[in-house]
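Asker: Input file: final-v7.txt. Contents: compact mmCIF, C-alpha atoms.
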```txt
# COMPACT_ATOMS: atom_id res chain seq x y z
CA MET K 644 103.95 127.08 -55.39
CA ARG K 645 100.80 125.01 -55.00
CA ASP K 646 101.41 121.46 -53.77
CA ALA K 647 99.13 118.95 -55.46
CA SER K 648 99.12 116.85 -52.31
CA PHE K 649 96.99 119.48 -50.60
CA GLY K 650 93.84 118.20 -52.33
CA GLN K 651 90.78 120.32 -53.07
CA ARG K 652 87.99 121.77 -50.97
CA ASN K 653 84.82 123.42 -52.24
CA GLY K 654 83.78 124.85 -48.88
CA ARG K 655 80.81 122.55 -48.20
CA LEU K 656 80.89 120.44 -45.05
CA GLY K 657 81.69 116.85 -45.90
CA THR K 658 83.21 117.37 -49.36
CA ALA K 659 86.87 117.69 -48.45
CA THR K 660 89.13 114.99 -49.87
CA GLY K 661 92.85 114.25 -49.73
CA THR K 662 95.26 112.71 -47.26
CA ALA K 663 93.04 113.44 -44.27
CA GLY K 664 89.91 111.95 -45.82
CA GLY K 665 87.90 109.25 -44.12
CA ALA K 666 87.97 107.07 -47.25
CA SER K 667 91.64 106.25 -46.65
CA GLY K 668 91.08 105.55 -42.97
CA GLN K 669 93.73 108.10 -42.02
CA VAL K 670 92.48 110.97 -39.87
CA PRO K 671 95.29 113.00 -38.28
CA PHE K 672 94.60 114.78 -35.03
CA PHE K 673 95.41 118.05 -36.79
CA THR K 674 96.29 119.33 -40.23
CA GLN K 675 95.87 122.68 -41.95
CA ALA K 676 97.24 121.78 -45.38
CA ARG K 677 94.06 122.65 -47.30
CA THR K 678 93.59 125.85 -45.34
CA PHE K 679 97.04 126.99 -46.41
CA GLU K 680 96.35 126.09 -50.01
CA ASP K 681 93.27 128.30 -49.94
CA LEU K 682 95.10 131.15 -48.23
CA TRP K 683 98.43 130.85 -49.99
CA PRO K 684 97.97 133.77 -52.46
CA ASP K 685 97.23 136.18 -49.60
CA ILE K 686 99.97 134.74 -47.39
CA ARG K 687 102.53 134.85 -50.20
CA SER K 688 101.74 138.49 -50.87
CA ARG K 689 102.17 139.38 -47.21
CA LEU K 690 105.39 137.39 -46.89
CA THR K 691 106.79 139.13 -49.96
CA GLU K 692 106.08 142.44 -48.27
CA VAL K 693 107.92 141.27 -45.16
CA LEU K 694 110.96 140.29 -47.23
CA ASP K 695 110.91 143.51 -49.23
CA ASN K 696 110.60 145.58 -46.06
CA GLY K 697 113.56 143.84 -44.44
CA LYS K 698 112.05 143.94 -40.93
CA PHE K 699 111.37 140.39 -39.86
CA SER K 700 110.40 140.86 -36.21
CA HIS K 701 108.29 143.45 -34.40
CA GLY K 702 107.54 145.19 -37.67
CA ARG K 703 104.77 146.47 -39.90
CA GLN K 704 102.84 143.18 -40.16
CA VAL K 705 102.83 142.86 -36.37
CA ALA K 706 101.44 146.39 -36.05
CA ARG K 707 98.69 145.59 -38.53
CA PHE K 708 97.86 142.33 -36.83
CA GLU K 709 97.60 143.97 -33.40
CA GLU K 710 95.18 146.54 -34.80
CA ALA K 711 93.10 143.90 -36.58
CA LEU K 712 93.05 141.61 -33.53
CA ALA K 713 91.95 144.43 -31.24
CA GLN K 714 89.12 145.26 -33.62
CA TRP K 715 88.07 141.60 -33.98
CA THR K 716 87.96 140.97 -30.23
CA GLY K 717 86.77 144.41 -29.15
CA ALA K 718 89.84 144.94 -26.97
CA ARG K 719 91.22 148.45 -26.63
CA TYR K 720 94.75 147.02 -26.80
CA ALA K 721 96.33 143.90 -28.28
CA VAL K 722 100.04 143.29 -27.68
CA GLY K 723 101.71 140.68 -29.88
CA VAL K 724 104.38 138.45 -28.33
CA ASN K 725 106.19 135.27 -29.33
CA SER K 726 104.03 132.69 -27.50
CA GLY K 727 100.97 132.25 -25.35
CA THR K 728 103.17 131.27 -22.43
CA ASP K 729 105.19 134.48 -22.68
CA ALA K 730 101.91 136.37 -22.89
CA LEU K 731 100.90 134.93 -19.51
CA VAL K 732 104.26 135.65 -17.88
CA LEU K 733 104.35 139.23 -19.13
CA LEU K 734 100.71 139.85 -18.23
CA LEU K 735 101.27 138.64 -14.68
CA ARG K 736 104.31 140.89 -14.36
CA ALA K 737 102.50 143.86 -15.91
CA CYS K 738 99.68 143.34 -13.38
CA GLY K 739 102.17 143.75 -10.55
CA LEU K 740 102.80 140.19 -9.39
CA ARG K 741 105.46 140.27 -6.68
CA PRO K 742 107.87 137.51 -5.56
CA GLY K 743 105.99 135.04 -3.38
CA ASP K 744 102.50 136.27 -4.33
CA GLU K 745 100.02 133.43 -4.73
CA VAL K 746 97.93 132.95 -7.86
CA ILE K 747 95.00 130.52 -7.84
CA VAL K 748 95.09 128.22 -10.90
CA PRO K 749 92.90 125.22 -11.80
CA ALA K 750 94.52 121.81 -11.32
CA PHE K 751 93.24 120.65 -14.73
CA THR K 752 94.90 122.69 -17.48
CA PHE K 753 98.09 122.85 -19.52
CA VAL K 754 101.19 123.23 -17.40
CA ALA K 755 101.93 126.73 -18.72
CA SER K 756 99.00 128.14 -16.74
CA ALA K 757 100.90 127.38 -13.54
CA SER K 758 104.51 127.49 -14.74
CA SER K 759 103.92 131.05 -15.96
CA VAL K 760 103.18 132.02 -12.35
CA VAL K 761 106.52 130.54 -11.27
CA LEU K 762 108.36 132.24 -14.12
CA ALA K 763 106.79 135.57 -13.13
CA GLY K 764 108.03 135.11 -9.56
CA GLY K 765 104.80 133.95 -7.94
CA ARG K 766 103.52 130.75 -6.35
CA PRO K 767 100.68 128.76 -7.93
CA VAL K 768 97.90 127.54 -5.63
CA PHE K 769 95.55 124.99 -7.14
CA ALA K 770 91.76 124.70 -7.16
CA ASP K 771 89.45 121.96 -8.40
CA ILE K 772 87.28 122.17 -11.50
CA ASP K 773 83.62 121.88 -12.34
CA PRO K 774 83.35 118.35 -13.78
CA VAL K 775 81.14 119.40 -16.71
CA SER K 776 82.80 122.59 -17.96
CA TYR K 777 86.33 121.51 -16.88
CA ALA K 778 86.93 125.08 -15.71
CA MET K 779 87.85 126.34 -12.24
CA ASP K 780 85.14 125.86 -9.64
CA PRO K 781 84.44 129.17 -7.83
CA LYS K 782 83.86 127.48 -4.46
CA SER K 783 87.15 125.60 -4.66
CA ALA K 784 88.87 128.83 -5.69
CA ALA K 785 87.40 130.65 -2.68
CA ASP K 786 88.62 127.86 -0.39
CA ALA K 787 92.15 128.30 -1.80
CA VAL K 788 92.45 131.99 -0.85
CA THR K 789 95.08 132.83 1.79
CA PRO K 790 96.48 136.14 3.05
CA ARG K 791 99.19 135.79 0.38
CA THR K 792 96.80 135.42 -2.54
CA ARG K 793 97.15 138.25 -5.04
CA MET K 794 95.52 136.99 -8.22
CA ILE K 795 93.13 134.38 -9.60
CA MET K 796 93.61 132.86 -13.04
CA PRO K 797 90.54 131.33 -14.69
CA VAL K 798 91.37 129.12 -17.67
CA HIS K 799 88.85 128.90 -20.51
CA LEU K 800 89.21 125.39 -21.89
CA PHE K 801 88.08 123.50 -24.97
CA TRP K 802 84.78 125.17 -25.98
CA GLN K 803 83.46 127.46 -23.23
CA MET K 804 84.51 130.04 -20.68
CA ALA K 805 84.83 129.51 -16.96
CA ASP K 806 82.10 130.73 -14.61
CA MET K 807 83.22 134.34 -14.73
CA ASP K 808 80.42 135.75 -12.60
CA GLY K 809 81.23 133.31 -9.81
CA LEU K 810 84.99 133.84 -10.08
CA LEU K 811 84.68 137.63 -10.32
CA ASP K 812 82.59 137.53 -7.14
CA VAL K 813 85.38 135.61 -5.39
CA ALA K 814 87.94 138.08 -6.66
CA HIS K 815 85.88 141.09 -5.61
CA HIS K 816 85.23 139.67 -2.13
CA HIS K 817 88.93 139.03 -1.53
CA ARG K 818 90.24 142.02 -3.52
CA LEU K 819 92.10 139.88 -6.03
CA THR K 820 93.20 140.73 -9.56
CA VAL K 821 91.70 138.49 -12.26
CA VAL K 822 94.08 137.43 -15.03
CA GLU K 823 92.47 135.21 -17.67
CA ASP K 824 94.28 132.36 -19.35
CA SER K 825 92.18 132.65 -22.49
CA ALA K 826 94.85 131.04 -24.68
CA GLU K 827 92.29 128.67 -26.27
CA ALA K 828 89.38 131.07 -26.22
CA ILE K 829 89.50 133.31 -29.27
CA GLY K 830 85.90 134.01 -30.28
CA MET K 831 84.43 133.04 -26.89
CA ARG K 832 82.37 135.75 -25.21
CA TRP K 833 80.63 136.38 -21.90
CA GLY K 834 77.80 138.89 -21.92
CA GLY K 835 79.22 140.34 -25.12
CA ALA K 836 82.76 140.75 -23.75
CA HIS K 837 85.48 138.74 -25.41
CA ALA K 838 87.39 136.23 -23.31
CA GLY K 839 90.31 137.95 -21.62
CA LEU K 840 88.51 141.24 -21.16
CA LEU K 841 86.50 140.59 -18.01
CA GLY K 842 89.42 140.96 -15.61
CA ALA K 843 92.61 142.98 -15.84
CA GLY K 844 93.54 141.26 -19.08
CA GLY K 845 93.91 137.96 -20.85
CA VAL K 846 96.04 136.15 -23.37
CA LEU K 847 95.71 134.32 -26.66
CA SER K 848 97.89 131.55 -28.04
CA PHE K 849 98.42 131.17 -31.77
CA PHE K 850 100.13 127.77 -31.59
CA PRO K 851 99.38 126.05 -34.93
CA THR K 852 96.57 123.84 -33.58
CA LYS K 853 94.64 126.75 -32.05
CA THR K 854 91.40 128.09 -33.53
CA LEU K 855 93.52 130.92 -34.96
CA GLY K 856 96.90 129.28 -35.49
CA ALA K 857 100.20 130.47 -36.88
CA ILE K 858 102.90 128.31 -38.49
CA GLY K 859 104.97 128.44 -35.31
CA ASP K 860 104.74 130.00 -31.88
CA ALA K 861 103.03 133.34 -31.31
CA GLY K 862 100.72 134.89 -28.74
CA ALA K 863 99.04 138.11 -27.65
CA ILE K 864 97.88 140.00 -24.58
CA LEU K 865 94.40 141.56 -24.59
CA THR K 866 93.40 144.33 -22.23
CA ASP K 867 91.36 147.51 -21.96
CA ASP K 868 93.87 149.03 -19.53
CA ARG K 869 96.27 151.45 -21.20
CA GLN K 870 98.93 151.36 -18.50
CA LEU K 871 98.90 147.57 -18.41
CA ALA K 872 99.21 147.42 -22.22
CA GLU K 873 102.13 149.85 -22.19
CA ALA K 874 103.90 147.86 -19.48
CA ALA K 875 103.39 144.57 -21.34
CA ALA K 876 104.59 146.13 -24.59
CA ALA K 877 107.72 147.37 -22.85
CA LEU K 878 108.38 144.04 -21.14
CA ARG K 879 108.31 142.17 -24.46
CA HIS K 880 111.06 144.47 -25.82
CA HIS K 881 113.66 144.31 -23.05
CA GLY K 882 111.76 146.78 -20.88
CA ARG K 883 111.90 149.68 -23.36
CA TYR K 884 109.02 152.14 -23.35
CA GLY K 885 108.26 154.43 -26.26
CA ARG K 886 108.01 153.63 -29.93
CA THR K 887 109.59 150.28 -30.73
CA LEU K 888 107.09 148.52 -33.02
CA ALA K 889 108.24 148.77 -36.67
CA HIS K 890 110.86 151.30 -35.57
CA PHE K 891 114.55 150.39 -35.94
CA PRO K 892 115.85 153.21 -33.70
CA GLY K 893 113.66 151.91 -30.86
CA ILE K 894 116.39 149.45 -29.95
CA SER K 895 118.24 152.34 -28.31
CA ASN K 896 115.30 153.48 -26.17
CA GLU K 897 116.06 153.76 -22.48
CA THR K 898 115.44 150.53 -20.55
CA THR K 899 112.89 151.15 -17.80
CA LEU K 900 111.95 147.61 -16.74
CA ASN K 901 113.77 144.30 -16.61
CA GLY K 902 112.11 142.86 -19.68
CA VAL K 903 112.70 140.00 -22.07
CA ASN K 904 112.91 139.42 -25.80
CA SER K 905 109.40 138.27 -26.68
CA LYS K 906 108.68 140.12 -29.90
CA MET K 907 106.34 138.57 -32.46
CA ASP K 908 107.84 137.62 -35.83
CA ASP K 909 106.35 139.34 -38.87
CA ILE K 910 106.08 136.03 -40.70
CA GLN K 911 103.69 134.78 -38.03
CA ALA K 912 101.76 138.05 -38.07
CA ALA K 913 101.42 137.80 -41.86
CA VAL K 914 99.95 134.31 -41.62
CA LEU K 915 97.64 135.29 -38.78
CA LEU K 916 96.34 138.32 -40.68
CA ALA K 917 95.40 136.10 -43.61
CA LYS K 918 93.69 133.54 -41.35
CA LEU K 919 91.92 136.18 -39.25
CA ALA K 920 89.91 137.19 -42.32
CA ARG K 921 88.20 133.77 -42.34
CA LEU K 922 88.05 133.14 -38.60
CA HIS K 923 84.26 133.49 -38.36
CA GLU K 924 83.90 130.91 -41.13
CA ASP K 925 86.33 128.54 -39.41
CA ILE K 926 84.51 128.88 -36.08
CA ALA K 927 81.19 128.10 -37.75
CA ARG K 928 82.67 125.03 -39.43
CA ARG K 929 84.06 123.82 -36.10
CA ALA K 930 80.58 124.15 -34.61
CA ARG K 931 79.04 122.07 -37.42
CA LEU K 932 81.68 119.38 -37.03
CA ALA K 933 81.15 119.30 -33.27
CA ALA K 934 77.41 118.93 -33.80
CA ALA K 935 78.06 116.04 -36.18
CA TYR K 936 80.21 114.31 -33.56
CA THR K 937 77.54 114.79 -30.91
CA GLU K 938 74.80 113.40 -33.13
CA ARG K 939 76.83 110.27 -33.96
CA LEU K 940 78.14 109.61 -30.45
CA ALA K 941 75.01 110.42 -28.45
CA ASP K 942 74.37 106.78 -27.50
CA ALA K 943 77.82 105.29 -28.12
CA PRO K 944 78.72 102.47 -25.70
CA GLY K 945 81.48 103.35 -23.28
CA VAL K 946 81.15 107.11 -23.79
CA LEU K 947 80.58 108.66 -20.38
CA ARG K 948 80.20 112.32 -21.34
CA LEU K 949 80.03 114.44 -24.48
CA PRO K 950 80.81 118.17 -24.55
CA THR K 951 78.16 120.15 -22.68
CA VAL K 952 77.67 123.91 -22.76
CA VAL K 953 76.91 124.84 -19.16
CA PRO K 954 74.11 127.43 -18.70
CA ARG K 955 75.48 130.65 -17.26
CA THR K 956 74.09 133.79 -15.67
CA ALA K 957 75.17 135.76 -18.74
CA ARG K 958 74.75 135.16 -22.46
CA THR K 959 77.79 133.22 -23.66
CA GLN K 960 79.30 132.36 -27.02
CA PRO K 961 81.02 128.95 -27.09
CA VAL K 962 83.70 128.15 -29.67
CA PHE K 963 84.80 124.57 -30.28
CA TYR K 964 88.58 124.52 -30.12
CA VAL K 965 88.65 120.89 -28.91
CA TYR K 966 86.05 118.14 -29.03
CA LEU K 967 86.63 116.37 -25.72
CA ILE K 968 84.81 113.26 -24.52
CA GLU K 969 85.06 111.13 -21.41
CA VAL K 970 85.26 107.41 -21.94
CA GLU K 971 85.95 104.15 -20.19
CA ARG K 972 89.46 102.77 -20.78
CA ARG K 973 90.69 106.04 -22.29
CA ASP K 974 94.28 104.96 -22.98
CA GLU K 975 93.15 101.74 -24.65
CA LEU K 976 90.75 103.68 -26.85
CA ALA K 977 93.57 106.02 -27.88
CA GLU K 978 95.72 103.03 -28.86
CA TYR K 979 92.81 101.44 -30.74
CA LEU K 980 92.15 104.61 -32.73
CA ALA K 981 95.87 105.04 -33.49
CA GLU K 982 96.02 101.49 -34.82
CA HIS K 983 93.23 102.45 -37.22
CA GLY K 984 94.90 105.67 -38.37
CA VAL K 985 93.06 108.18 -36.18
CA GLY K 986 95.03 110.70 -34.15
CA THR K 987 93.90 111.80 -30.71
CA GLU K 988 95.25 113.90 -27.85
CA THR K 989 95.03 113.40 -24.11
CA TYR K 990 94.02 116.53 -22.19
CA TYR K 991 95.61 116.09 -19.63
CA PRO K 992 97.23 112.83 -18.43
CA THR K 993 98.35 114.22 -15.03
CA PRO K 994 96.72 117.01 -13.01
CA LEU K 995 99.00 119.90 -12.19
CA HIS K 996 99.04 119.33 -8.43
CA LEU K 997 100.58 115.89 -9.04
CA GLN K 998 103.19 117.04 -11.58
CA GLU K 999 106.78 116.57 -10.46
CA CYS K 1000 107.66 120.21 -11.15
CA PHE K 1001 105.13 121.27 -8.46
CA ALA K 1002 105.98 118.58 -5.92
CA ASP K 1003 107.39 121.19 -3.51
CA LEU K 1004 103.89 122.68 -3.13
CA GLY K 1005 102.87 119.68 -1.03
CA TYR K 1006 99.69 118.49 -2.74
CA ARG K 1007 98.57 114.87 -2.70
CA ARG K 1008 96.39 112.57 -4.73
CA GLY K 1009 92.76 113.07 -3.72
CA ASP K 1010 93.10 116.83 -3.12
CA PHE K 1011 91.18 117.70 -6.31
CA PRO K 1012 88.99 114.72 -7.25
CA HIS K 1013 87.23 116.27 -10.25
CA ALA K 1014 90.53 117.25 -11.88
CA GLU K 1015 91.97 113.81 -11.19
CA ALA K 1016 88.93 112.05 -12.67
CA ALA K 1017 89.07 114.18 -15.82
CA CYS K 1018 92.74 113.32 -16.30
CA GLU K 1019 91.88 109.62 -16.28
CA ARG K 1020 88.92 109.72 -18.68
CA THR K 1021 89.20 112.56 -21.20
CA ILE K 1022 90.33 112.23 -24.81
CA ALA K 1023 90.19 114.75 -27.65
CA LEU K 1024 89.05 113.70 -31.10
CA PRO K 1025 90.18 115.42 -34.32
CA LEU K 1026 88.51 118.81 -34.83
CA TYR K 1027 89.73 121.43 -37.30
CA PRO K 1028 88.37 123.21 -40.39
CA ASP K 1029 90.09 120.82 -42.86
CA LEU K 1030 88.22 117.86 -41.32
CA SER K 1031 85.46 116.39 -43.49
CA ILE K 1032 82.18 114.80 -42.49
CA ASP K 1033 83.58 111.53 -43.82
CA ASP K 1034 86.42 111.89 -41.33
CA VAL K 1035 83.90 112.39 -38.52
CA ASP K 1036 82.04 109.27 -39.65
CA THR K 1037 85.30 107.29 -39.63
CA VAL K 1038 86.19 108.41 -36.11
CA CYS K 1039 82.71 107.85 -34.70
CA ASP K 1040 82.37 104.41 -36.29
CA LEU K 1041 85.63 103.38 -34.63
CA VAL K 1042 84.61 104.78 -31.24
CA ARG K 1043 81.32 102.90 -31.43
CA ARG K 1044 83.09 99.65 -32.42
CA PHE K 1045 85.65 99.86 -29.62
CA PRO K 1046 84.96 96.99 -27.18
CA THR K 1047 83.78 98.53 -23.95
CA ARG K 1048 84.67 95.52 -21.84
CA ARG K 1049 88.02 93.82 -21.44
CA PRO K 1050 88.15 90.22 -22.69
CA ALA K 1051 87.46 87.72 -19.92
```
Starting from the file, give its structure as structure tokens.
Answerer:
Amino acid sequence: MRDASFGQRNGRLGTATGTAGGASGQVPFFTQARTFEDLWPDIRSRLTEVLDNGKFSHGRQVARFEEALAQWTGARYAVGVNSGTDALVLLLRACGLRPGDEVIVPAFTFVASASSVVLAGGRPVFADIDPVSYAMDPKSAADAVTPRTRMIMPVHLFWQMADMDGLLDVAHHHRLTVVEDSAEAIGMRWGGAHAGLLGAGGVLSFFPTKTLGAIGDAGAILTDDRQLAEAAAALRHHGRYGRTLAHFPGISNETTLNGVNSKMDDIQAAVLLAKLARLHEDIARRARLAAAYTERLADAPGVLRLPTVVPRTARTQPVFYVYLIEVERRDELAEYLAEHGVGTETYYPTPLHLQECFADLGYRRGDFPHAEAACERTIALPLYPDLSIDDVDTVCDLVRRFPTRRPA
């Protein structure tokens, strides 16, 4: 059934209307209502197949999605799981993380980057970030290496990859395994290689707000290593090797590893298959919207930094998942925009080394100044394919009108 509230979209930037339109003054931080209207015939057909097949998890649609995702990214193997966080945990375990092994993680990222290390039995060790790319600084990562360090986890945030040449050099010098938290990085590339494929492996998240988003939780592991892919595939299905995907009798396979239940649902795979077909178009639209933001905010008062693509030693391909700016009085700006109907997100209000769940690691304020500064100043503005140019105008007009100085 088509819901009239979805509105219409003719595909041209700036012509979308409906509940998210700038004319009403309401701009949610994220919505994909119009996207689903456009894709509903394909999604409905795929969901009908799922229902007719009677296999709702780890089935035929998942197998098709894994094959399509591997082809899209260029990975030899794609392993579908039920979340990006599980993808990280299983990848770390498949790479051989042992109890007490240290993994270097940036202090400025979502908590799952570090909590996955704990869940896999390791110990996170934090490093500072480059203040422009917001990704792990190779020098800080090198300073964090100890005799117990086993792995290094670059996180590709917002619109560009971490300095992979610098971090791979650190890893090579200290004989460390590189595991990429590429959860936000679908479509990003470094020297032609897709994010997640420069080290042992990487992950993708398909949380609904992601560049390729499901209608619930889902994730995937990418790798070119056959043994690693087989181990990850077994770990997601209670440690069972052999044929399990789309195979009912696989439930009785012999258990080889202590695995978990992290199978991808076929409903999510069906949605992702439909959206994957237009991913290039969505990425291009995100880039145009980001460019529109940059043009309108280039000289905005109180804006300290706009997104910057850092030059690298290799050819890179940025993808705008988030449009992040640094501003004075960040929390007050967020409240001001909310009062005017504009949704925002704070990435991230507290650096990981100061989170209560990692208090036992012994870090203190001042240990990672760039991460701490980013946490105080960064705010994400709405950015998604359903956004119109009128919405961008609404947001930018409000940012420019926000009083940059407190009343005397």
Asker: May I ask which of the residues K:Gly839, K:Pro950, K:Gly727, K:Pro1046 is the closest one to Glu938 (chain K), counting only C-alpha atoms?
Answerer: K:Pro950
Asker: Here is a test: counting all atoms listed in the file, which residue of K:Val768, K:Arg883, K:Gly902, K:Val1042 is nearest to Leu995 (chain K)?
Answerer: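 Using all atoms listed in the file, Leu995 (chain K) sits closest to K:Val768.
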Asker: List the spatial neighbours of Cys1039 (chain K) as an MDAnalysis selection string - criterion: any atom at most 10 Å away, all atoms listed in the file, same-chain residues fewer than 6 positions off excluded.
Answerer: chainID K and resid 935:940 943 1024 1033 1045
Asker: Rounded to one decimal in Å, what is the spacing between CA of Leu1041 (chain K) and CA of Glu924 (chain K)?
Answerer: 28.3 Å
Asker: Using only C-alpha atoms, determine which residues lie at most 7 Å from region 807-824 of chain K, disregarding the query and same-chain residues fewer than 4 positions distant; provide the list as a PyMOL selection string.
Answerer: chain K and resi 756+781+785+793-799+839+842-846
Asker: Find, counting only C-alpha atoms, the residue in K:Gln714, K:Thr792, K:Thr993, K:Gln960 that gets nearest to Val754 (chain K).
Answerer: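 Among K:Gln714, K:Thr792, K:Thr993, K:Gln960, it is K:Thr993 that comes nearest to Val754 (chain K).
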